[in-house]
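The file coords-v5.cif comes next; it holds mmCIF, C-alpha atoms.
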```cif
data_target
loop_
_atom_site.label_atom_id
_atom_site.label_comp_id
_atom_site.auth_asym_id
_atom_site.auth_seq_id
_atom_site.Cartn_x
_atom_site.Cartn_y
_atom_site.Cartn_z
CA MET J 295 49.94 9.36 26.07
CA ASN J 296 50.64 11.69 23.16
CA GLU J 297 49.17 14.59 25.15
CA ALA J 298 51.39 13.66 28.10
CA LYS J 299 54.48 13.52 25.88
CA ASN J 300 53.56 16.97 24.55
CA LYS J 301 53.09 18.30 28.13
CA LYS J 302 49.36 18.94 27.65
CA ARG J 303 48.23 16.28 30.16
CA THR J 304 49.66 14.51 33.19
CA VAL J 305 49.33 10.72 33.22
CA PHE J 306 49.93 8.63 36.32
CA PHE J 307 49.98 4.85 36.68
CA VAL J 308 48.62 3.83 40.10
CA ASP J 309 48.69 0.64 42.14
CA ALA J 310 49.29 -0.59 45.67
CA ALA J 311 52.05 -2.87 46.87
CA HIS J 312 51.84 -4.82 50.11
CA PHE J 313 55.29 -5.72 51.39
CA VAL J 314 55.28 -8.44 54.07
CA HIS J 315 58.14 -8.54 56.57
CA ALA J 316 59.32 -12.01 55.62
CA PRO J 317 62.29 -13.57 53.86
CA PHE J 318 62.55 -12.89 50.13
CA ILE J 319 64.96 -15.43 48.72
CA GLY J 320 66.88 -14.38 45.63
CA PHE J 321 68.68 -17.46 44.35
CA VAL J 322 69.47 -20.59 46.31
CA TRP J 323 71.33 -23.58 44.98
CA CYS J 324 73.35 -25.77 47.27
CA LEU J 325 74.00 -29.40 48.08
CA VAL J 326 73.72 -28.94 51.84
CA GLN J 327 70.94 -27.56 53.97
CA VAL J 328 71.24 -23.84 54.67
CA LEU J 329 69.22 -22.16 57.39
CA ILE J 330 67.99 -18.72 56.53
CA LYS J 331 67.29 -16.21 59.25
CA ALA J 332 63.67 -15.09 59.07
CA PRO J 333 61.60 -12.57 61.04
CA SER J 334 58.59 -13.72 62.99
CA GLY J 335 55.11 -12.37 62.41
CA ARG J 336 53.42 -11.04 59.32
CA GLN J 337 53.66 -7.29 59.52
CA ARG J 338 52.80 -5.51 56.27
CA PHE J 339 53.98 -2.22 54.89
CA ASN J 340 51.51 -0.92 52.32
CA VAL J 341 52.49 1.57 49.63
CA LEU J 342 49.89 3.14 47.36
CA GLY J 343 51.87 4.77 44.60
CA ALA J 344 51.39 6.90 41.51
CA VAL J 345 54.23 7.15 39.00
CA ASN J 346 54.20 9.91 36.40
CA ALA J 347 54.41 8.27 32.97
CA ILE J 348 56.77 10.91 31.57
CA THR J 349 58.84 12.34 34.45
CA LEU J 350 58.78 9.11 36.56
CA GLU J 351 58.03 11.24 39.62
CA LEU J 352 56.55 9.12 42.41
CA ILE J 353 53.75 10.14 44.77
CA THR J 354 52.95 7.75 47.62
CA VAL J 355 50.66 7.15 50.56
CA VAL J 356 51.97 4.56 53.03
CA ASN J 357 50.57 2.75 56.05
CA THR J 358 50.76 -0.48 58.02
CA SER J 359 47.03 -1.22 58.12
CA TYR J 360 45.05 -1.38 54.85
CA ILE J 361 44.76 0.31 51.49
CA ASN J 362 41.14 1.30 51.01
CA ALA J 363 38.96 3.96 49.38
CA GLU J 364 39.95 6.61 51.94
CA THR J 365 43.63 5.92 51.31
CA PHE J 366 43.03 6.16 47.58
CA CYS J 367 41.21 9.48 48.03
CA GLU J 368 44.21 10.76 49.98
CA LEU J 369 46.41 9.87 46.99
CA LEU J 370 44.03 11.63 44.57
CA LYS J 371 44.25 14.80 46.66
CA LYS J 372 48.05 14.63 46.72
CA ILE J 373 48.15 14.21 42.95
CA LYS J 374 45.78 17.13 42.37
CA LYS J 375 47.79 19.35 44.73
CA GLN J 376 50.98 18.70 42.74
CA CYS J 377 49.40 18.92 39.27
CA THR J 378 47.07 21.88 39.14
CA ASN J 379 47.64 23.32 35.67
CA LYS J 380 46.95 20.36 33.31
CA PRO J 381 44.30 17.68 32.89
CA ILE J 382 45.13 14.51 34.86
CA THR J 383 44.57 10.91 33.82
CA ILE J 384 45.17 8.05 36.21
CA VAL J 385 45.65 4.56 34.80
CA LEU J 386 44.70 1.91 37.35
CA ASP J 387 43.48 -1.62 37.79
CA ASN J 388 40.02 -2.75 38.81
CA ALA J 389 40.50 -3.05 42.57
CA ARG J 390 37.13 -2.69 44.25
CA TYR J 391 38.19 0.22 46.47
CA GLN J 392 39.26 2.17 43.35
CA LYS J 393 35.85 1.86 41.69
CA CYS J 394 33.59 2.79 44.60
CA ILE J 395 31.35 5.86 44.64
CA LEU J 396 33.57 7.72 47.14
CA VAL J 397 36.55 7.51 44.77
CA THR J 398 34.69 8.17 41.53
CA GLU J 399 32.88 11.19 42.99
CA LEU J 400 36.10 12.69 44.37
CA ALA J 401 37.87 12.11 41.05
CA ARG J 402 35.00 13.82 39.23
CA HIS J 403 35.11 16.74 41.70
CA LEU J 404 38.91 17.08 41.29
CA LYS J 405 38.53 16.73 37.49
CA ILE J 406 40.74 13.64 37.39
CA GLU J 407 40.03 11.06 34.70
CA LEU J 408 40.18 7.45 35.89
CA LEU J 409 41.19 5.03 33.14
CA TYR J 410 40.75 1.39 34.16
CA ILE J 411 42.89 -1.23 32.44
CA PRO J 412 41.35 -4.60 31.58
CA PRO J 413 41.23 -7.19 34.40
CA TYR J 414 44.33 -9.34 34.82
CA SER J 415 46.54 -6.98 32.83
CA PRO J 416 49.43 -5.99 35.12
CA ASN J 417 51.58 -5.76 32.00
CA LEU J 418 49.68 -2.56 31.14
CA ASN J 419 50.40 -0.85 34.45
CA LEU J 420 53.80 0.84 34.52
CA ILE J 421 54.02 0.96 38.30
CA GLU J 422 54.07 -2.86 38.49
CA ARG J 423 57.63 -2.61 37.13
CA LEU J 424 58.52 -0.23 39.96
CA TRP J 425 57.25 -2.70 42.57
CA ARG J 426 59.36 -5.46 40.98
CA PHE J 427 62.37 -3.10 41.05
CA VAL J 428 61.83 -2.33 44.76
CA LYS J 429 61.65 -6.03 45.65
CA LYS J 430 64.83 -6.75 43.70
CA GLU J 431 66.77 -3.78 45.08
CA CYS J 432 65.89 -3.88 48.76
CA LEU J 433 64.11 -7.14 49.64
CA TYR J 434 65.50 -10.14 47.77
CA SER J 435 68.33 -11.84 49.67
CA LYS J 436 68.29 -9.17 52.41
CA TYR J 437 67.52 -9.63 56.08
CA TYR J 438 65.96 -6.92 58.25
CA ASP J 439 66.14 -7.47 62.01
CA ASP J 440 62.88 -5.73 62.77
CA PHE J 441 59.88 -4.17 61.08
CA PRO J 442 61.07 -0.53 61.38
CA ALA J 443 64.30 -1.44 59.53
CA PHE J 444 62.26 -3.30 56.90
CA ARG J 445 59.94 -0.34 56.42
CA GLN J 446 62.87 2.10 56.25
CA GLY J 447 64.60 -0.08 53.65
CA ILE J 448 61.57 0.21 51.37
CA VAL J 449 61.18 3.95 51.99
CA ASN J 450 64.87 4.50 51.22
CA CYS J 451 64.60 2.51 48.01
CA LEU J 452 61.57 4.53 46.89
CA GLU J 453 63.37 7.80 47.68
CA GLU J 454 66.51 6.64 45.85
CA SER J 455 64.36 5.73 42.84
CA GLN J 456 63.91 9.48 42.41
CA THR J 457 67.62 10.29 42.80
CA THR J 458 70.53 7.85 42.69
CA LYS J 459 68.61 4.93 41.15
CA ASN J 460 66.71 7.05 38.63
CA ASP J 461 68.95 5.99 35.72
CA LYS J 462 68.13 2.32 36.35
CA LEU J 463 64.43 3.11 36.42
CA LYS J 464 64.49 5.11 33.18
CA THR J 465 65.36 1.94 31.27
CA LEU J 466 62.78 -0.12 33.16
CA LEU J 467 59.84 2.30 33.19
CA THR J 468 59.49 2.85 29.47
CA LEU J 469 56.17 3.18 27.70
CA ASN J 470 56.60 -0.12 25.88
CA PHE J 471 53.73 -2.44 26.70
CA HIS J 472 53.17 -6.03 25.62
CA ILE J 473 49.66 -6.63 24.38
CA PHE J 474 48.56 -10.12 23.48
CA LYS J 475 45.66 -10.81 21.15
CA LYS J 476 43.34 -13.76 21.55
CA THR J 477 43.95 -16.41 18.91
CA ALA J 478 40.70 -18.29 19.32
#
```

Here is a file; write its structure as structure tokens.
Amino acid sequence: MNEAKNKKRTVFFVDAAHFVHAPFIGFVWCLVQVLIKAPSGRQRFNVLGAVNAITLELITVVNTSYINAETFCELLKKIKKQCTNKPITIVLDNARYQKCILVTELARHLKIELLYIPPYSPNLNLIERLWRFVKKECLYSKYYDDFPAFRQGIVNCLEESQTTKNDKLKTLLTLNFHIFKKTA
């Protein structure tokens, strides 16, 4: 991280989010029954994202099918295309599709270092905070009539995270991480 702060390395935090077109209830407290409008079906909008640890720039690959090794390789190529002049480190979790031979060989070929965080440590992945922000900003307590509107709401929120909502994200996406030590 010190190299990234000194502009000698580019560090990205990577993870996928799978947004399901369903009701996301913010807060509900009432004495009478309230019916909440909900879409039918279970359509998913998948976003594989990489957030730059210093500039908070976001690079994404989106689809409505699955995030897999090929999708991850597409993201690696996009990252390399945008960051050609410095070493690149990607911090990511241990998802199986991110540790397969296809991904590791492409990362080696592109000279991208893959740094895996310990299992069950979302607190060490900066992009998890971005996904929480997106849910809060454009999903909780909001109704989308159809899947295209739902998808566009998420895309708009991600685009605004780079412009009008960037100030909110600067306070959320800091490099402060909580690490807990085992006591026993």

- request: Provide the atom CA of J:Leu466 to atom CA of J:Leu342 distance in Å, to one decimal place.
  value: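 Spanning atom CA of J:Leu466 to atom CA of J:Leu342 is a straight-line distance of 19.5 Å.
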
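This file gives the following result for the PyMOL selection byres ((chain J and resi 451) around 12): J:Leu352, J:Leu424, J:Trp425, J:Arg426, J:Phe427, J:Val428, J:Lys429, J:Lys430, J:Glu431, J:Cys432, J:Leu433, J:Phe444, J:Arg445, J:Gln446, J:Gly447, J:Ile448, J:Val449, J:Asn450, J:Leu452, J:Glu453, J:Glu454, J:Ser455, J:Gln456, J:Thr457, J:Thr458, J:Lys459, J:Asn460, J:Leu463.
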
query: In terms of the shortest atom-to-atom distance over only C-alpha atoms, which of J:Glu351, J:Asp439, J:Glu368, J:Glu422 is closest to J:Leu404?
result: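 Using only C-alpha atoms, J:Leu404 sits closest to J:Glu368.
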
- request: May I ask for the distance between atom CA of J:Tyr437 and atom CA of J:Ala311, given in Å to one decimal place?
  value: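 The value is 19.2 Å.
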
- prompt: What lies within 12 Å of J:Leu386 using all atoms listed in the file, ignoring chain neighbours under 3 positions off, as number ranges by chain?
  reply: J: 305-310, 342-345, 366, 383, 389-393, 407-422

task: Give me, please, the distance in Å between atom CA of J:Arg402 and atom CA of J:Ile382, quoted to one decimal.
output: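 Separation of atom CA of J:Arg402 and atom CA of J:Ile382: 11.1 Å.
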
message: Using all atoms listed in the file, can you tell me which of J:Ala401, J:Val341, J:Ala316, J:Ile406 comes closest to J:Tyr360?
response: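 Selected residue with least distance to J:Tyr360: J:Val341.
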
With 6 Å on each side, where is the centre of the axis-aligned box around all listed atoms of stretch 408-427 of chain J, and how long are its edges in Å to one decimal, as lines of an AutoDock Vina configuration file?
```
center_x = 51.3
center_y = -0.9
center_z = 36.9
size_x = 34.2
size_y = 28.8
size_z = 23.4
```

message: So that I can check the surroundings of J:Thr358, please list as number ranges by chain every protein, DNA and RNA residue that reaches within 6 Å of it, counting only C-alpha atoms and ignoring chain neighbours fewer than 5 positions away.
response: J: 338-340

query: List as a PyMOL selection string: which residues have an atom within 9 Å of (57.5, 13.1, 33.5), counting all atoms listed in the file?
result: chain J and resi 298-299+301+304-305+345-351

- prompt: Which of these, J:Cys377, J:Leu369, J:Ile384, J:Ala363, has the shortest distance to J:Leu396 once you count only C-alpha atoms?
  reply: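 Going through J:Cys377, J:Leu369, J:Ile384, J:Ala363 one by one, the smallest distance to J:Leu396 is for J:Ala363.
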
Would you kindly place N, CA and C atoms on stretch 401-434 of chain J and return the model as a short mmCIF file (atom, residue, chain, number, x, y, z; two decimals), in the frame of the given file?
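Result file selection_17.cif:
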```
data_model
loop_
_atom_site.label_atom_id
_atom_site.label_comp_id
_atom_site.auth_asym_id
_atom_site.auth_seq_id
_atom_site.Cartn_x
_atom_site.Cartn_y
_atom_site.Cartn_z
N ALA J 401 37.13 11.92 42.31
CA ALA J 401 37.87 12.11 41.05
C ALA J 401 37.11 13.06 40.13
N ARG J 402 35.81 12.92 40.05
CA ARG J 402 35.00 13.82 39.23
C ARG J 402 35.09 15.25 39.75
N HIS J 403 35.01 15.41 41.08
CA HIS J 403 35.11 16.74 41.70
C HIS J 403 36.48 17.37 41.44
N LEU J 404 37.55 16.57 41.51
CA LEU J 404 38.91 17.08 41.29
C LEU J 404 39.26 17.18 39.81
N LYS J 405 38.33 16.74 38.95
CA LYS J 405 38.53 16.73 37.49
C LYS J 405 39.71 15.84 37.10
N ILE J 406 39.74 14.65 37.70
CA ILE J 406 40.74 13.64 37.39
C ILE J 406 40.05 12.51 36.65
N GLU J 407 40.58 12.16 35.48
CA GLU J 407 40.03 11.06 34.70
C GLU J 407 40.61 9.74 35.20
N LEU J 408 39.75 8.78 35.48
CA LEU J 408 40.18 7.45 35.89
C LEU J 408 40.06 6.52 34.69
N LEU J 409 41.16 5.92 34.30
CA LEU J 409 41.19 5.03 33.14
C LEU J 409 41.55 3.63 33.65
N TYR J 410 40.56 2.74 33.62
CA TYR J 410 40.75 1.39 34.16
C TYR J 410 41.29 0.47 33.06
N ILE J 411 42.35 -0.26 33.39
CA ILE J 411 42.89 -1.23 32.44
C ILE J 411 42.06 -2.51 32.53
N PRO J 412 42.12 -3.35 31.53
CA PRO J 412 41.35 -4.60 31.58
C PRO J 412 41.78 -5.48 32.77
N PRO J 413 40.87 -6.29 33.29
CA PRO J 413 41.23 -7.19 34.40
C PRO J 413 42.39 -8.11 34.00
N TYR J 414 43.20 -8.43 34.98
CA TYR J 414 44.33 -9.34 34.82
C TYR J 414 45.32 -8.85 33.76
N SER J 415 45.61 -7.56 33.79
CA SER J 415 46.54 -6.98 32.83
C SER J 415 47.63 -6.17 33.53
N PRO J 416 48.37 -6.76 34.46
CA PRO J 416 49.43 -5.99 35.12
C PRO J 416 50.50 -5.51 34.15
N ASN J 417 50.60 -6.16 33.00
CA ASN J 417 51.58 -5.76 32.00
C ASN J 417 51.27 -4.38 31.42
N LEU J 418 50.06 -3.88 31.64
CA LEU J 418 49.68 -2.56 31.14
C LEU J 418 49.80 -1.47 32.19
N ASN J 419 50.25 -1.82 33.38
CA ASN J 419 50.40 -0.85 34.45
C ASN J 419 51.88 -0.64 34.75
N LEU J 420 52.38 0.52 34.40
CA LEU J 420 53.80 0.84 34.52
C LEU J 420 54.33 0.69 35.93
N ILE J 421 53.52 0.99 36.93
CA ILE J 421 54.02 0.96 38.30
C ILE J 421 54.32 -0.46 38.78
N GLU J 422 53.75 -1.47 38.13
CA GLU J 422 54.07 -2.86 38.49
C GLU J 422 55.56 -3.11 38.32
N ARG J 423 56.18 -2.47 37.34
CA ARG J 423 57.63 -2.61 37.13
C ARG J 423 58.41 -1.97 38.28
N LEU J 424 57.88 -0.87 38.81
CA LEU J 424 58.52 -0.23 39.96
C LEU J 424 58.48 -1.15 41.18
N TRP J 425 57.34 -1.80 41.42
CA TRP J 425 57.25 -2.70 42.57
C TRP J 425 58.25 -3.86 42.43
N ARG J 426 58.39 -4.38 41.23
CA ARG J 426 59.36 -5.46 40.98
C ARG J 426 60.79 -4.95 41.26
N PHE J 427 61.06 -3.72 40.83
CA PHE J 427 62.37 -3.10 41.05
C PHE J 427 62.65 -2.96 42.55
N VAL J 428 61.66 -2.51 43.32
CA VAL J 428 61.83 -2.33 44.76
C VAL J 428 62.14 -3.67 45.42
N LYS J 429 61.40 -4.71 45.06
CA LYS J 429 61.65 -6.03 45.65
C LYS J 429 63.07 -6.50 45.33
N LYS J 430 63.49 -6.31 44.11
CA LYS J 430 64.83 -6.75 43.70
C LYS J 430 65.92 -5.96 44.42
N GLU J 431 65.74 -4.65 44.52
CA GLU J 431 66.77 -3.78 45.08
C GLU J 431 66.89 -3.88 46.60
N CYS J 432 65.76 -3.98 47.30
CA CYS J 432 65.89 -3.88 48.76
C CYS J 432 65.29 -5.04 49.55
N LEU J 433 64.69 -6.04 48.88
CA LEU J 433 64.11 -7.14 49.64
C LEU J 433 64.75 -8.49 49.36
N TYR J 434 64.97 -8.82 48.09
CA TYR J 434 65.50 -10.14 47.77
C TYR J 434 66.89 -10.33 48.37
#
```
